[in-house]
Structure formats: C-alpha cells, structure tokens
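A.B. asks: Data: work_21.pdb, PDB, C-alpha atoms.
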MODEL        1
ATOM      1  CA  MET A1411      -2.604 -25.552   4.300
ATOM      2  CA  ILE A1412      -3.590 -25.260   0.650
ATOM      3  CA  LEU A1413      -4.744 -21.696   1.304
ATOM      4  CA  ASP A1414      -1.374 -20.864   2.871
ATOM      5  CA  ALA A1415       0.438 -22.276  -0.148
ATOM      6  CA  LEU A1416      -1.793 -20.232  -2.446
ATOM      7  CA  SER A1417      -1.029 -17.114  -0.376
ATOM      8  CA  VAL A1418       2.701 -17.704  -0.630
ATOM      9  CA  LEU A1419       2.475 -18.309  -4.370
ATOM     10  CA  LEU A1420       0.527 -15.105  -4.971
ATOM     11  CA  LEU A1421       2.814 -13.058  -2.689
ATOM     12  CA  VAL A1422       5.900 -14.304  -4.534
ATOM     13  CA  LEU A1423       4.267 -13.562  -7.893
ATOM     14  CA  GLY A1424       3.338 -10.096  -6.626
ATOM     15  CA  LEU A1425       6.919  -9.465  -5.540
ATOM     16  CA  PHE A1426       8.125 -10.578  -8.970
ATOM     17  CA  PHE A1427       6.030  -7.849 -10.581
ATOM     18  CA  PHE A1428       7.237  -5.252  -8.055
ATOM     19  CA  VAL A1429      10.822  -6.151  -8.963
ATOM     20  CA  SER A1430       9.872  -5.960 -12.661
ATOM     21  CA  GLY A1431       8.528  -2.445 -12.134
ATOM     22  CA  LEU A1432      11.730  -1.492 -10.366
ATOM     23  CA  LEU A1433      13.810  -2.984 -13.159
ATOM     24  CA  GLY A1434      11.744  -0.996 -15.653
ATOM     25  CA  LEU A1435      12.486   2.176 -13.717
ATOM     26  CA  TRP A1436      16.143   1.381 -14.109
ATOM     27  CA  ARG A1437      16.279   0.041 -17.659
ATOM     28  CA  PHE A1438      13.667   2.057 -19.582
ATOM     29  CA  PRO A1439      15.130   4.942 -21.582
ATOM     30  CA  ASP A1440      12.984   7.964 -20.598
ATOM     31  CA  THR A1441      10.609   9.248 -17.941
ATOM     32  CA  PHE A1442       7.426   8.471 -19.888
ATOM     33  CA  ALA A1443       8.458   4.852 -20.383
ATOM     34  CA  ARG A1444       9.404   4.607 -16.696
ATOM     35  CA  LEU A1445       5.933   5.817 -15.746
ATOM     36  CA  HIS A1446       4.504   2.923 -17.774
ATOM     37  CA  ALA A1447       6.639   0.457 -15.837
ATOM     38  CA  LEU A1448       5.595   1.847 -12.466
ATOM     39  CA  THR A1449       1.858   2.111 -13.107
ATOM     40  CA  LYS A1450       1.340  -1.276 -14.728
ATOM     41  CA  ALA A1451       3.779  -3.616 -13.019
ATOM     42  CA  ASP A1452       3.316  -2.238  -9.509
ATOM     43  CA  ASN A1453      -0.470  -2.282  -9.743
ATOM     44  CA  LEU A1454      -0.466  -5.904 -10.784
ATOM     45  CA  GLY A1455       2.102  -6.643  -8.065
ATOM     46  CA  LEU A1456      -0.007  -5.001  -5.380
ATOM     47  CA  GLY A1457      -3.124  -6.706  -6.746
ATOM     48  CA  LEU A1458      -1.476 -10.117  -6.442
ATOM     49  CA  VAL A1459      -0.166  -9.368  -2.927
ATOM     50  CA  MET A1460      -3.665  -8.208  -1.987
ATOM     51  CA  THR A1461      -5.231 -11.370  -3.388
ATOM     52  CA  GLY A1462      -2.674 -13.491  -1.561
ATOM     53  CA  LEU A1463      -3.522 -11.771   1.722
ATOM     54  CA  LEU A1464      -7.251 -12.275   1.085
ATOM     55  CA  PHE A1465      -6.778 -15.966   1.956
ATOM     56  CA  GLN A1466      -5.534 -14.977   5.422
ATOM     57  CA  VAL A1467      -8.231 -12.506   6.506
ATOM     58  CA  PRO A1468     -10.054 -13.061   9.805
ATOM     59  CA  ASP A1469     -13.341 -11.548   8.575
ATOM     60  CA  VAL A1470     -15.076  -9.900   5.626
ATOM     61  CA  LEU A1471     -14.331  -6.372   6.844
ATOM     62  CA  TRP A1472     -10.607  -7.018   6.381
ATOM     63  CA  ALA A1473     -11.218  -8.353   2.900
ATOM     64  CA  ILE A1474     -13.117  -5.193   1.976
ATOM     65  CA  LYS A1475     -10.286  -3.160   3.463
ATOM     66  CA  PHE A1476      -7.654  -4.936   1.344
ATOM     67  CA  VAL A1477      -9.637  -4.434  -1.843
ATOM     68  CA  LEU A1478     -10.172  -0.765  -0.945
ATOM     69  CA  VAL A1479      -6.457  -0.264  -0.324
ATOM     70  CA  TRP A1480      -5.725  -1.734  -3.751
ATOM     71  CA  LEU A1481      -8.324   0.480  -5.440
ATOM     72  CA  LEU A1482      -7.025   3.591  -3.650
ATOM     73  CA  ALA A1483      -3.471   2.711  -4.690
ATOM     74  CA  LEU A1484      -4.698   2.322  -8.293
ATOM     75  CA  VAL A1485      -6.299   5.769  -8.219
ATOM     76  CA  ALA A1486      -3.220   7.327  -6.609
ATOM     77  CA  SER A1487      -0.872   5.732  -9.124
ATOM     78  CA  ALA A1488      -2.999   6.753 -12.138
ATOM     79  CA  VAL A1489      -3.361  10.340 -10.894
ATOM     80  CA  ASN A1490       0.339  10.624 -10.045
ATOM     81  CA  ALA A1491       1.413   9.235 -13.414
ATOM     82  CA  HIS A1492      -0.922  11.675 -15.141
ATOM     83  CA  LEU A1493       0.388  14.676 -13.176
ATOM     84  CA  ILE A1494       4.015  13.783 -13.881
ATOM     85  CA  ALA A1495       3.227  13.205 -17.577
ATOM     86  CA  VAL A1496       1.442  16.574 -17.913
ATOM     87  CA  PHE A1497       4.309  18.390 -16.192
ATOM     88  CA  LEU A1498       6.903  16.698 -18.376
ATOM     89  CA  HIS A1499       4.936  17.334 -21.551
ATOM     90  CA  ARG A1500       4.580  21.063 -20.753
ATOM     91  CA  GLN A1501       8.260  21.308 -19.966
ATOM     92  CA  GLN A1502       9.240  19.655 -23.261
ATOM     93  CA  GLU A1503       6.858  21.847 -25.301
ATOM     94  CA  GLY A1504       8.257  24.968 -23.626
ATOM     95  CA  HIS A1505      11.720  23.738 -24.503
ATOM     96  CA  ASP A1506      10.758  23.178 -28.161
ATOM     97  CA  GLU A1507       9.409  26.730 -28.473
ATOM     98  CA  SER A1508      12.576  28.274 -27.118
ATOM     99  CA  ALA A1509      14.782  26.133 -29.365
TER
ATOM    100  CA  MET B1106     -29.477  16.306  -0.206
ATOM    101  CA  PRO B1107     -26.713  18.441  -1.778
ATOM    102  CA  LEU B1108     -24.067  16.440  -3.600
ATOM    103  CA  ILE B1109     -21.252  17.776  -1.412
ATOM    104  CA  ILE B1110     -22.918  16.319   1.727
ATOM    105  CA  ILE B1111     -23.204  12.929   0.036
ATOM    106  CA  VAL B1112     -19.538  13.030  -0.933
ATOM    107  CA  PHE B1113     -18.667  14.014   2.653
ATOM    108  CA  ILE B1114     -20.583  11.036   4.058
ATOM    109  CA  LEU B1115     -18.953   8.681   1.536
ATOM    110  CA  LEU B1116     -15.454   9.913   2.394
ATOM    111  CA  LEU B1117     -16.198   9.655   6.124
ATOM    112  CA  ALA B1118     -17.454   6.085   5.664
ATOM    113  CA  LEU B1119     -14.340   5.233   3.646
ATOM    114  CA  TRP B1120     -12.055   6.603   6.362
ATOM    115  CA  LEU B1121     -13.869   4.772   9.152
ATOM    116  CA  LEU B1122     -13.766   1.542   7.149
ATOM    117  CA  LEU B1123     -10.022   1.872   6.586
ATOM    118  CA  THR B1124      -9.331   2.627  10.263
ATOM    119  CA  SER B1125     -11.739  -0.052  11.566
ATOM    120  CA  GLY B1126     -14.011   2.627  13.007
ATOM    121  CA  ASP B1127     -11.398   4.233  15.234
ATOM    122  CA  LEU B1128     -13.008   7.608  16.026
ATOM    123  CA  GLY B1129      -9.773   9.043  17.463
ATOM    124  CA  SER B1130      -8.177   8.712  14.021
ATOM    125  CA  LEU B1131     -10.601  11.350  12.713
ATOM    126  CA  LEU B1132      -8.171  13.859  14.186
ATOM    127  CA  VAL B1133      -6.048  13.030  11.139
ATOM    128  CA  GLY B1134      -8.859  11.964   8.817
ATOM    129  CA  LEU B1135     -11.177  14.944   9.091
ATOM    130  CA  PRO B1136      -8.669  17.545   7.814
ATOM    131  CA  PHE B1137      -7.945  15.314   4.821
ATOM    132  CA  ILE B1138     -11.643  14.781   4.135
ATOM    133  CA  MET B1139     -12.068  18.567   4.164
ATOM    134  CA  LEU B1140      -9.113  18.930   1.820
ATOM    135  CA  ALA B1141     -10.662  16.361  -0.534
ATOM    136  CA  LEU B1142     -14.006  18.203  -0.470
ATOM    137  CA  TRP B1143     -12.255  21.491  -1.203
ATOM    138  CA  SER B1144     -10.442  19.995  -4.202
ATOM    139  CA  TYR B1145     -13.724  18.408  -5.311
ATOM    140  CA  ARG B1146     -15.290  21.887  -5.457
ATOM    141  CA  LEU B1147     -12.483  23.161  -7.676
ATOM    142  CA  GLN B1148     -13.622  21.230 -10.752
ATOM    143  CA  ARG B1149     -14.819  23.588 -13.444
ATOM    144  CA  HIS B1150     -16.939  21.489 -15.770
ATOM    145  CA  ALA B1151     -20.719  21.709 -15.941
ATOM    146  CA  PRO B1152     -22.239  19.038 -13.689
ATOM    147  CA  TYR B1153     -24.110  16.183 -15.323
ATOM    148  CA  PRO B1154     -25.946  13.222 -13.814
ATOM    149  CA  LEU B1155     -24.132   9.896 -13.602
ATOM    150  CA  THR B1156     -25.845   6.599 -14.224
ATOM    151  CA  PHE B1157     -24.433   3.146 -13.549
ATOM    152  CA  SER B1158     -25.234  -0.290 -14.839
ATOM    153  CA  PHE B1159     -24.641  -3.285 -12.591
ATOM    154  CA  LEU B1160     -24.017  -5.618 -15.504
ATOM    155  CA  GLY B1161     -21.787  -2.986 -17.075
ATOM    156  CA  ALA B1162     -19.787  -2.718 -13.850
ATOM    157  CA  LEU B1163     -19.313  -6.482 -13.827
ATOM    158  CA  ARG B1164     -18.144  -6.498 -17.441
ATOM    159  CA  PHE B1165     -15.852  -3.579 -16.725
ATOM    160  CA  ALA B1166     -14.334  -5.306 -13.670
ATOM    161  CA  VAL B1167     -13.597  -8.479 -15.640
ATOM    162  CA  PHE B1168     -12.128  -6.443 -18.494
ATOM    163  CA  PHE B1169     -10.046  -4.319 -16.106
ATOM    164  CA  LEU B1170      -8.594  -7.298 -14.224
ATOM    165  CA  ARG B1171      -7.703  -9.099 -17.451
ATOM    166  CA  GLU B1172      -6.078  -6.014 -18.934
ATOM    167  CA  SER B1173      -4.171  -5.298 -15.682
ATOM    168  CA  LEU B1174      -2.708  -8.774 -15.908
ATOM    169  CA  ARG B1175      -1.806  -8.214 -19.554
ATOM    170  CA  GLY B1176      -0.258  -4.822 -18.744
ATOM    171  CA  GLY B1177       1.914  -6.178 -15.928
ATOM    172  CA  LEU B1178       3.026  -9.181 -17.971
ATOM    173  CA  ASP B1179       3.858  -6.894 -20.897
ATOM    174  CA  ILE B1180       6.182  -4.831 -18.682
ATOM    175  CA  ALA B1181       7.735  -7.925 -17.086
ATOM    176  CA  LEU B1182       8.418  -9.478 -20.515
ATOM    177  CA  ARG B1183      10.125  -6.296 -21.674
ATOM    178  CA  VAL B1184      12.318  -5.618 -18.641
ATOM    179  CA  TRP B1185      13.666  -9.157 -18.248
ATOM    180  CA  GLN B1186      14.916  -9.360 -21.828
ATOM    181  CA  PRO B1187      18.628  -8.826 -22.450
ATOM    182  CA  ARG B1188      17.798  -5.875 -24.710
ATOM    183  CA  VAL B1189      14.821  -3.682 -23.849
ATOM    184  CA  SER B1190      12.646  -3.519 -26.955
ATOM    185  CA  LEU B1191      10.476  -0.398 -27.014
ATOM    186  CA  SER B1192       9.068   1.805 -29.730
ATOM    187  CA  VAL B1193       7.790   4.772 -27.756
ATOM    188  CA  ALA B1194       5.633   7.383 -29.464
ATOM    189  CA  PHE B1195       2.966   9.984 -28.839
ATOM    190  CA  TYR B1196      -0.468   9.176 -30.113
ATOM    191  CA  GLU B1197      -3.695  11.132 -30.545
ATOM    192  CA  TYR B1198      -7.142   9.744 -29.977
ATOM    193  CA  ARG B1199     -10.542  11.389 -30.402
ATOM    194  CA  LEU B1200     -12.493  11.682 -27.177
ATOM    195  CA  ILE B1201     -16.192  10.943 -27.062
ATOM    196  CA  PHE B1202     -16.694  11.795 -23.391
ATOM    197  CA  PRO B1203     -17.383  15.428 -22.408
ATOM    198  CA  GLN B1204     -15.181  17.074 -19.787
ATOM    199  CA  GLY B1205     -16.028  15.717 -16.361
ATOM    200  CA  PRO B1206     -15.798  12.611 -14.196
ATOM    201  CA  ILE B1207     -16.338  10.057 -16.982
ATOM    202  CA  ARG B1208     -13.579  11.541 -19.118
ATOM    203  CA  SER B1209     -11.210  11.619 -16.130
ATOM    204  CA  PHE B1210     -12.093   8.029 -15.333
ATOM    205  CA  PHE B1211     -11.416   7.009 -18.939
ATOM    206  CA  MET B1212      -8.048   8.792 -18.914
ATOM    207  CA  TYR B1213      -6.947   7.198 -15.646
ATOM    208  CA  CYS B1214      -7.952   3.753 -16.918
ATOM    209  CA  ILE B1215      -5.826   4.322 -20.020
ATOM    210  CA  SER B1216      -2.787   4.835 -17.797
ATOM    211  CA  LEU B1217      -3.458   1.589 -15.937
ATOM    212  CA  LEU B1218      -3.926  -0.529 -19.058
ATOM    213  CA  PRO B1219      -1.219  -2.152 -21.227
ATOM    214  CA  GLY B1220       1.234   0.114 -23.001
ATOM    215  CA  THR B1221      -0.718   3.374 -22.838
ATOM    216  CA  LEU B1222      -0.361   6.471 -20.645
ATOM    217  CA  SER B1223      -2.654   9.476 -21.001
ATOM    218  CA  VAL B1224      -0.786  12.768 -21.035
ATOM    219  CA  CYS B1225      -3.259  15.590 -21.624
ATOM    220  CA  VAL B1226      -6.124  16.853 -23.731
ATOM    221  CA  SER B1227      -4.597  18.976 -26.467
ATOM    222  CA  GLU B1228      -6.049  22.196 -27.838
ATOM    223  CA  ASN B1229      -7.875  20.469 -30.688
ATOM    224  CA  GLY B1230      -9.841  18.471 -28.103
ATOM    225  CA  LYS B1231      -8.027  15.220 -28.788
ATOM    226  CA  LEU B1232      -6.460  13.067 -26.126
ATOM    227  CA  ARG B1233      -2.694  12.966 -26.279
ATOM    228  CA  LEU B1234      -1.199   9.770 -24.978
ATOM    229  CA  HIS B1235       2.139   8.095 -24.759
ATOM    230  CA  VAL B1236       2.477   4.529 -26.018
ATOM    231  CA  LEU B1237       5.225   2.127 -25.092
ATOM    232  CA  ASP B1238       5.065   0.287 -28.379
ATOM    233  CA  ASP B1239       3.398   1.848 -31.426
ATOM    234  CA  ARG B1240       3.627  -1.462 -33.305
ATOM    235  CA  GLY B1241       0.656  -2.754 -31.277
ATOM    236  CA  ALA B1242      -3.063  -2.251 -31.842
ATOM    237  CA  VAL B1243      -3.430   0.968 -29.854
ATOM    238  CA  ALA B1244      -6.665   2.262 -31.413
ATOM    239  CA  GLU B1245      -8.404  -1.108 -31.001
ATOM    240  CA  ASP B1246      -7.389  -1.316 -27.327
ATOM    241  CA  LEU B1247      -8.666   2.202 -26.673
ATOM    242  CA  ALA B1248     -11.944   1.541 -28.477
ATOM    243  CA  ARG B1249     -12.509  -1.568 -26.356
ATOM    244  CA  LEU B1250     -11.867   0.383 -23.156
ATOM    245  CA  GLU B1251     -14.237   3.083 -24.411
ATOM    246  CA  GLN B1252     -16.956   0.495 -24.956
ATOM    247  CA  ARG B1253     -16.476  -0.955 -21.453
ATOM    248  CA  VAL B1254     -16.615   2.531 -19.873
ATOM    249  CA  CYS B1255     -19.858   3.198 -21.773
ATOM    250  CA  ASP B1256     -21.237  -0.101 -20.429
ATOM    251  CA  LEU B1257     -20.253   0.865 -16.877
ATOM    252  CA  PHE B1258     -21.962   4.253 -17.000
ATOM    253  CA  ALA B1259     -24.950   2.910 -18.969
ATOM    254  CA  LEU B1260     -24.202   5.184 -21.939
ATOM    255  CA  PRO B1261     -25.442   4.323 -25.411
ATOM    256  CA  CYS B1262     -22.325   3.969 -27.518
ATOM    257  CA  TYR B1263     -22.446   2.884 -31.118
ATOM    258  CA  LYS B1264     -19.300   2.425 -33.196
ATOM    259  CA  GLY B1265     -17.271   4.985 -31.260
ATOM    260  CA  ALA B1266     -19.894   7.721 -30.969
ATOM    261  CA  LEU B1267     -22.157   8.796 -28.120
TER
ENDMDL
END
Is it possible to give me this structure as structure tokens?

C.D. replies:
Amino acid sequence: MILDALSVLLLVLGLFFFVSGLLGLWRFPDTFARLHALTKADNLGLGLVMTGLLFQVPDVLWAIKFVLVWLLALVASAVNAHLIAVFLHRQQEGHDESA
Amino acid sequence: MPLIIIVFILLLALWLLLTSGDLGSLLVGLPFIMLALWSYRLQRHAPYPLTFSFLGALRFAVFFLRESLRGGLDIALRVWQPRVSLSVAFYEYRLIFPQGPIRSFFMYCISLLPGTLSVCVSENGKLRLHVLDDRGAVAEDLARLEQRVCDLFALPCYKGAL
C-alpha cells in the first residue's frame, strides 16, 4: 500500500518534469535553449517514472531492465542533443561567413 | 580476445536482457548490433586502455543523480515562471581529456547536467558549450564534473590537469 502510494507520487512527479520539458520546448527562445529543456527535464522525468515503477517489479531482472532503459535513454538524449547542436552551430557559422 | 568481440558479446547480452532472452527477437537485434559494431569501428582516435575505480563510480553515480535533479528542477523553475528568465551564451572550456571515449563521455555528461550543453570541440582544441544562464558558476560546475570523471576512470587529476 505504501509502496503503491510511493509509486504514484514518483510517477506524478515524473510527469510534472515531462510537462516542464514540453513547456520549455514551447517557451524557450531558441533551439539551443530548447535542447537544454528536453535533455534535462525529460531525463529527470523518465528517471522518476523509472524509480516509481521499480516499486512494482516482479523480480530483479525487471529492475535491471528499467535502469538499463533509463541509461539508454540518457545516452540517446545526450547524443541527439549533441548532434543537433553541432549541426546548428555549423549552420550558423556558415551563415556568418556569407553575411 | 579482440576488443570488437568483447563489445559484440556485451551488446548481445544487453539485447537479450532487454528482450528477456527472447531468441526470436535477434532477427531485429542482430542487424542493429552489427550496425553498432560498424559505427564503433569508425572512430578515428588512437586507442588507449580504460581503467575504472569502483569507489569512483559510486561517487560519480551520486554526483550524477544529484546534478540530474538540480538540472531538472532548474528547467522546471524557469519554465513555470510568468516571464522566462534566461541569459544564454556560448562558453569555452579547456579540455584535459584526449580525444576518445573519456572525452566523449565528459561531453555527454555536460549536456545532461544543469544549464550546460556541449556543442563541439573548436579548432583551438577548446570545448565550445552553450549555457542557459551565464550568471551562474559555469567553470566551477565543469571542474567538479571533470574531477568526478577522473575519479570514475581512476585518472590522477590535480587542480584541473592530468
């Protein structure tokens, strides 16, 4: 019962951070700033959702799986953010040279 | 055993763990493992041995979790305010890690931690990053991350030098 309540609390907190990331995507002024919002808020959101689900796992293998999914999502989000940032930076530099 | 075989076994184990050992799913998994191995072979830096410290890993994990929390809260505090308060800027930071996995790891961590996003390594060998708020203590944050990464890989780091 207490574990269920803890799960719900963490899931709701996680969702709050997902919504925050989304709001950042909408309200932040440029693409770089939006990347910040997505990488940080969503990772914390997913981390909290993952932790909330950890209280519901049937066995250790599932727990390892959840943690792995979170870590893989972290790697994917960091690599994606980096690739978008590099592309954007190159594009802006090219623009400066032509101007 | 050649390194590429070890990486193959690790990726295979990871896939089987994620699919609860469903061998039929290798029909999808194996092509992606091969793709990952191919991209792994594309890296152009000189190989160097990696060392790890268990205590360092523990310290890094604690640091990373705390900073993740701080990073997410920082974003949440900014987006829920009536007026978004940002002071975005580009920032340069000297790199102490040579090109390779540790440097990549350091750069990816930067992007996951509060207010910083690594962009690229510029021609003068410095790391170019984007900061959400240049009124904060960017250099101190980066130096702390650097120290924790050194701990993790058991590297002797003294006052920002290897």

A.B. asks: Is there a way to get, as a ChimeraX atom specification, all residues within 6 Å of the point (-0.4, 6.5, -15.2) in file coordinates, counting all atoms listed in the file?

C.D. replies: /A:1449,1488,1491-1492 /B:1216-1217,1222

A.B. asks: Report the residues retrieved by the ChimeraX specification (/B :<7) & /A from the displayed file, expressed as a PyMOL selection string.

C.D. replies: chain A and resi 1427+1430+1433-1434+1437+1443+1446-1447+1449-1451+1454+1475+1488-1489+1492+1495-1496

A.B. asks: Run the PyMOL selection byres ((chain B and resi 1248-1262) around 10) mentally over the shown coordinates, then write out the matched residues as a PyMOL selection string, using the chain letters and numbers from the document.

C.D. replies: chain B and resi 1155-1169+1172+1198+1200-1202+1207-1208+1210-1211+1214-1215+1218+1243-1247+1263-1267

A.B. asks: Would you output that residue set with C-alpha atoms, as a JSON list (two decimals), in the coordinates of the input?

C.D. replies:
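See part19.json below for the written result:
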[["chain", "number", "residue", "atom", "x", "y", "z"],
["B", 1155, "LEU", "CA", -24.13, 9.90, -13.60],
["B", 1156, "THR", "CA", -25.84, 6.60, -14.22],
["B", 1157, "PHE", "CA", -24.43, 3.15, -13.55],
["B", 1158, "SER", "CA", -25.23, -0.29, -14.84],
["B", 1159, "PHE", "CA", -24.64, -3.28, -12.59],
["B", 1160, "LEU", "CA", -24.02, -5.62, -15.50],
["B", 1161, "GLY", "CA", -21.79, -2.99, -17.08],
["B", 1162, "ALA", "CA", -19.79, -2.72, -13.85],
["B", 1163, "LEU", "CA", -19.31, -6.48, -13.83],
["B", 1164, "ARG", "CA", -18.14, -6.50, -17.44],
["B", 1165, "PHE", "CA", -15.85, -3.58, -16.73],
["B", 1166, "ALA", "CA", -14.33, -5.31, -13.67],
["B", 1167, "VAL", "CA", -13.60, -8.48, -15.64],
["B", 1168, "PHE", "CA", -12.13, -6.44, -18.49],
["B", 1169, "PHE", "CA", -10.05, -4.32, -16.11],
["B", 1172, "GLU", "CA", -6.08, -6.01, -18.93],
["B", 1198, "TYR", "CA", -7.14, 9.74, -29.98],
["B", 1200, "LEU", "CA", -12.49, 11.68, -27.18],
["B", 1201, "ILE", "CA", -16.19, 10.94, -27.06],
["B", 1202, "PHE", "CA", -16.69, 11.80, -23.39],
["B", 1207, "ILE", "CA", -16.34, 10.06, -16.98],
["B", 1208, "ARG", "CA", -13.58, 11.54, -19.12],
["B", 1210, "PHE", "CA", -12.09, 8.03, -15.33],
["B", 1211, "PHE", "CA", -11.42, 7.01, -18.94],
["B", 1214, "CYS", "CA", -7.95, 3.75, -16.92],
["B", 1215, "ILE", "CA", -5.83, 4.32, -20.02],
["B", 1218, "LEU", "CA", -3.93, -0.53, -19.06],
["B", 1243, "VAL", "CA", -3.43, 0.97, -29.85],
["B", 1244, "ALA", "CA", -6.66, 2.26, -31.41],
["B", 1245, "GLU", "CA", -8.40, -1.11, -31.00],
["B", 1246, "ASP", "CA", -7.39, -1.32, -27.33],
["B", 1247, "LEU", "CA", -8.67, 2.20, -26.67],
["B", 1263, "TYR", "CA", -22.45, 2.88, -31.12],
["B", 1264, "LYS", "CA", -19.30, 2.42, -33.20],
["B", 1265, "GLY", "CA", -17.27, 4.99, -31.26],
["B", 1266, "ALA", "CA", -19.89, 7.72, -30.97],
["B", 1267, "LEU", "CA", -22.16, 8.80, -28.12]]

A.B. asks: Given the file above and the PyMOL selection byres ((chain A and resi 1465) around 8), which residues are selected, and can you give them as number ranges by chain?

C.D. replies: A: 1413-1414, 1416-1417, 1461-1464, 1466-1467

A.B. asks: Using all atoms listed in the file, which of B:Gly1230, B:Asp1239, B:Val1133, B:Leu1140 sits nearest B:Arg1199?

C.D. replies: B:Gly1230

A.B. asks: Would you mind reading off the distance between atom CA of B:His1150 and atom CA of B:Pro1206, one decimal, in Å?

C.D. replies: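 Pair atom CA of B:His1150 / atom CA of B:Pro1206 returns 9.1 Å.
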
A.B. asks: Could you rebuild stretch 1447-1459 of chain A with N, CA and C atoms and give it back as a PDB file, in the coordinates of the input?

C.D. replies:
ATOM      1  N   ALA A1447       6.172   1.589 -16.643  1.00  0.00           N
ATOM      2  CA  ALA A1447       6.639   0.457 -15.837  1.00  0.00           C
ATOM      3  C   ALA A1447       6.052   0.533 -14.435  1.00  0.00           C
ATOM      4  N   LEU A1448       6.080   1.717 -13.839  1.00  0.00           N
ATOM      5  CA  LEU A1448       5.595   1.847 -12.466  1.00  0.00           C
ATOM      6  C   LEU A1448       4.097   1.625 -12.352  1.00  0.00           C
ATOM      7  N   THR A1449       3.310   2.248 -13.251  1.00  0.00           N
ATOM      8  CA  THR A1449       1.858   2.111 -13.107  1.00  0.00           C
ATOM      9  C   THR A1449       1.405   0.668 -13.338  1.00  0.00           C
ATOM     10  N   LYS A1450       1.896   0.048 -14.398  1.00  0.00           N
ATOM     11  CA  LYS A1450       1.340  -1.276 -14.728  1.00  0.00           C
ATOM     12  C   LYS A1450       1.882  -2.388 -13.846  1.00  0.00           C
ATOM     13  N   ALA A1451       3.202  -2.482 -13.744  1.00  0.00           N
ATOM     14  CA  ALA A1451       3.779  -3.616 -13.019  1.00  0.00           C
ATOM     15  C   ALA A1451       3.463  -3.535 -11.520  1.00  0.00           C
ATOM     16  N   ASP A1452       3.564  -2.352 -10.939  1.00  0.00           N
ATOM     17  CA  ASP A1452       3.316  -2.238  -9.509  1.00  0.00           C
ATOM     18  C   ASP A1452       1.853  -2.484  -9.154  1.00  0.00           C
ATOM     19  N   ASN A1453       0.939  -2.045 -10.038  1.00  0.00           N
ATOM     20  CA  ASN A1453      -0.470  -2.282  -9.743  1.00  0.00           C
ATOM     21  C   ASN A1453      -0.799  -3.759  -9.760  1.00  0.00           C
ATOM     22  N   LEU A1454      -0.243  -4.462 -10.736  1.00  0.00           N
ATOM     23  CA  LEU A1454      -0.466  -5.904 -10.784  1.00  0.00           C
ATOM     24  C   LEU A1454       0.197  -6.558  -9.571  1.00  0.00           C
ATOM     25  N   GLY A1455       1.402  -6.103  -9.234  1.00  0.00           N
ATOM     26  CA  GLY A1455       2.102  -6.643  -8.065  1.00  0.00           C
ATOM     27  C   GLY A1455       1.288  -6.473  -6.799  1.00  0.00           C
ATOM     28  N   LEU A1456       0.787  -5.252  -6.583  1.00  0.00           N
ATOM     29  CA  LEU A1456      -0.007  -5.001  -5.380  1.00  0.00           C
ATOM     30  C   LEU A1456      -1.307  -5.801  -5.410  1.00  0.00           C
ATOM     31  N   GLY A1457      -1.897  -5.920  -6.603  1.00  0.00           N
ATOM     32  CA  GLY A1457      -3.124  -6.706  -6.746  1.00  0.00           C
ATOM     33  C   GLY A1457      -2.906  -8.152  -6.343  1.00  0.00           C
ATOM     34  N   LEU A1458      -1.773  -8.720  -6.774  1.00  0.00           N
ATOM     35  CA  LEU A1458      -1.476 -10.117  -6.442  1.00  0.00           C
ATOM     36  C   LEU A1458      -1.186 -10.275  -4.951  1.00  0.00           C
ATOM     37  N   VAL A1459      -0.440  -9.330  -4.374  1.00  0.00           N
ATOM     38  CA  VAL A1459      -0.166  -9.368  -2.927  1.00  0.00           C
ATOM     39  C   VAL A1459      -1.483  -9.288  -2.162  1.00  0.00           C
TER      40      VAL A1459
END
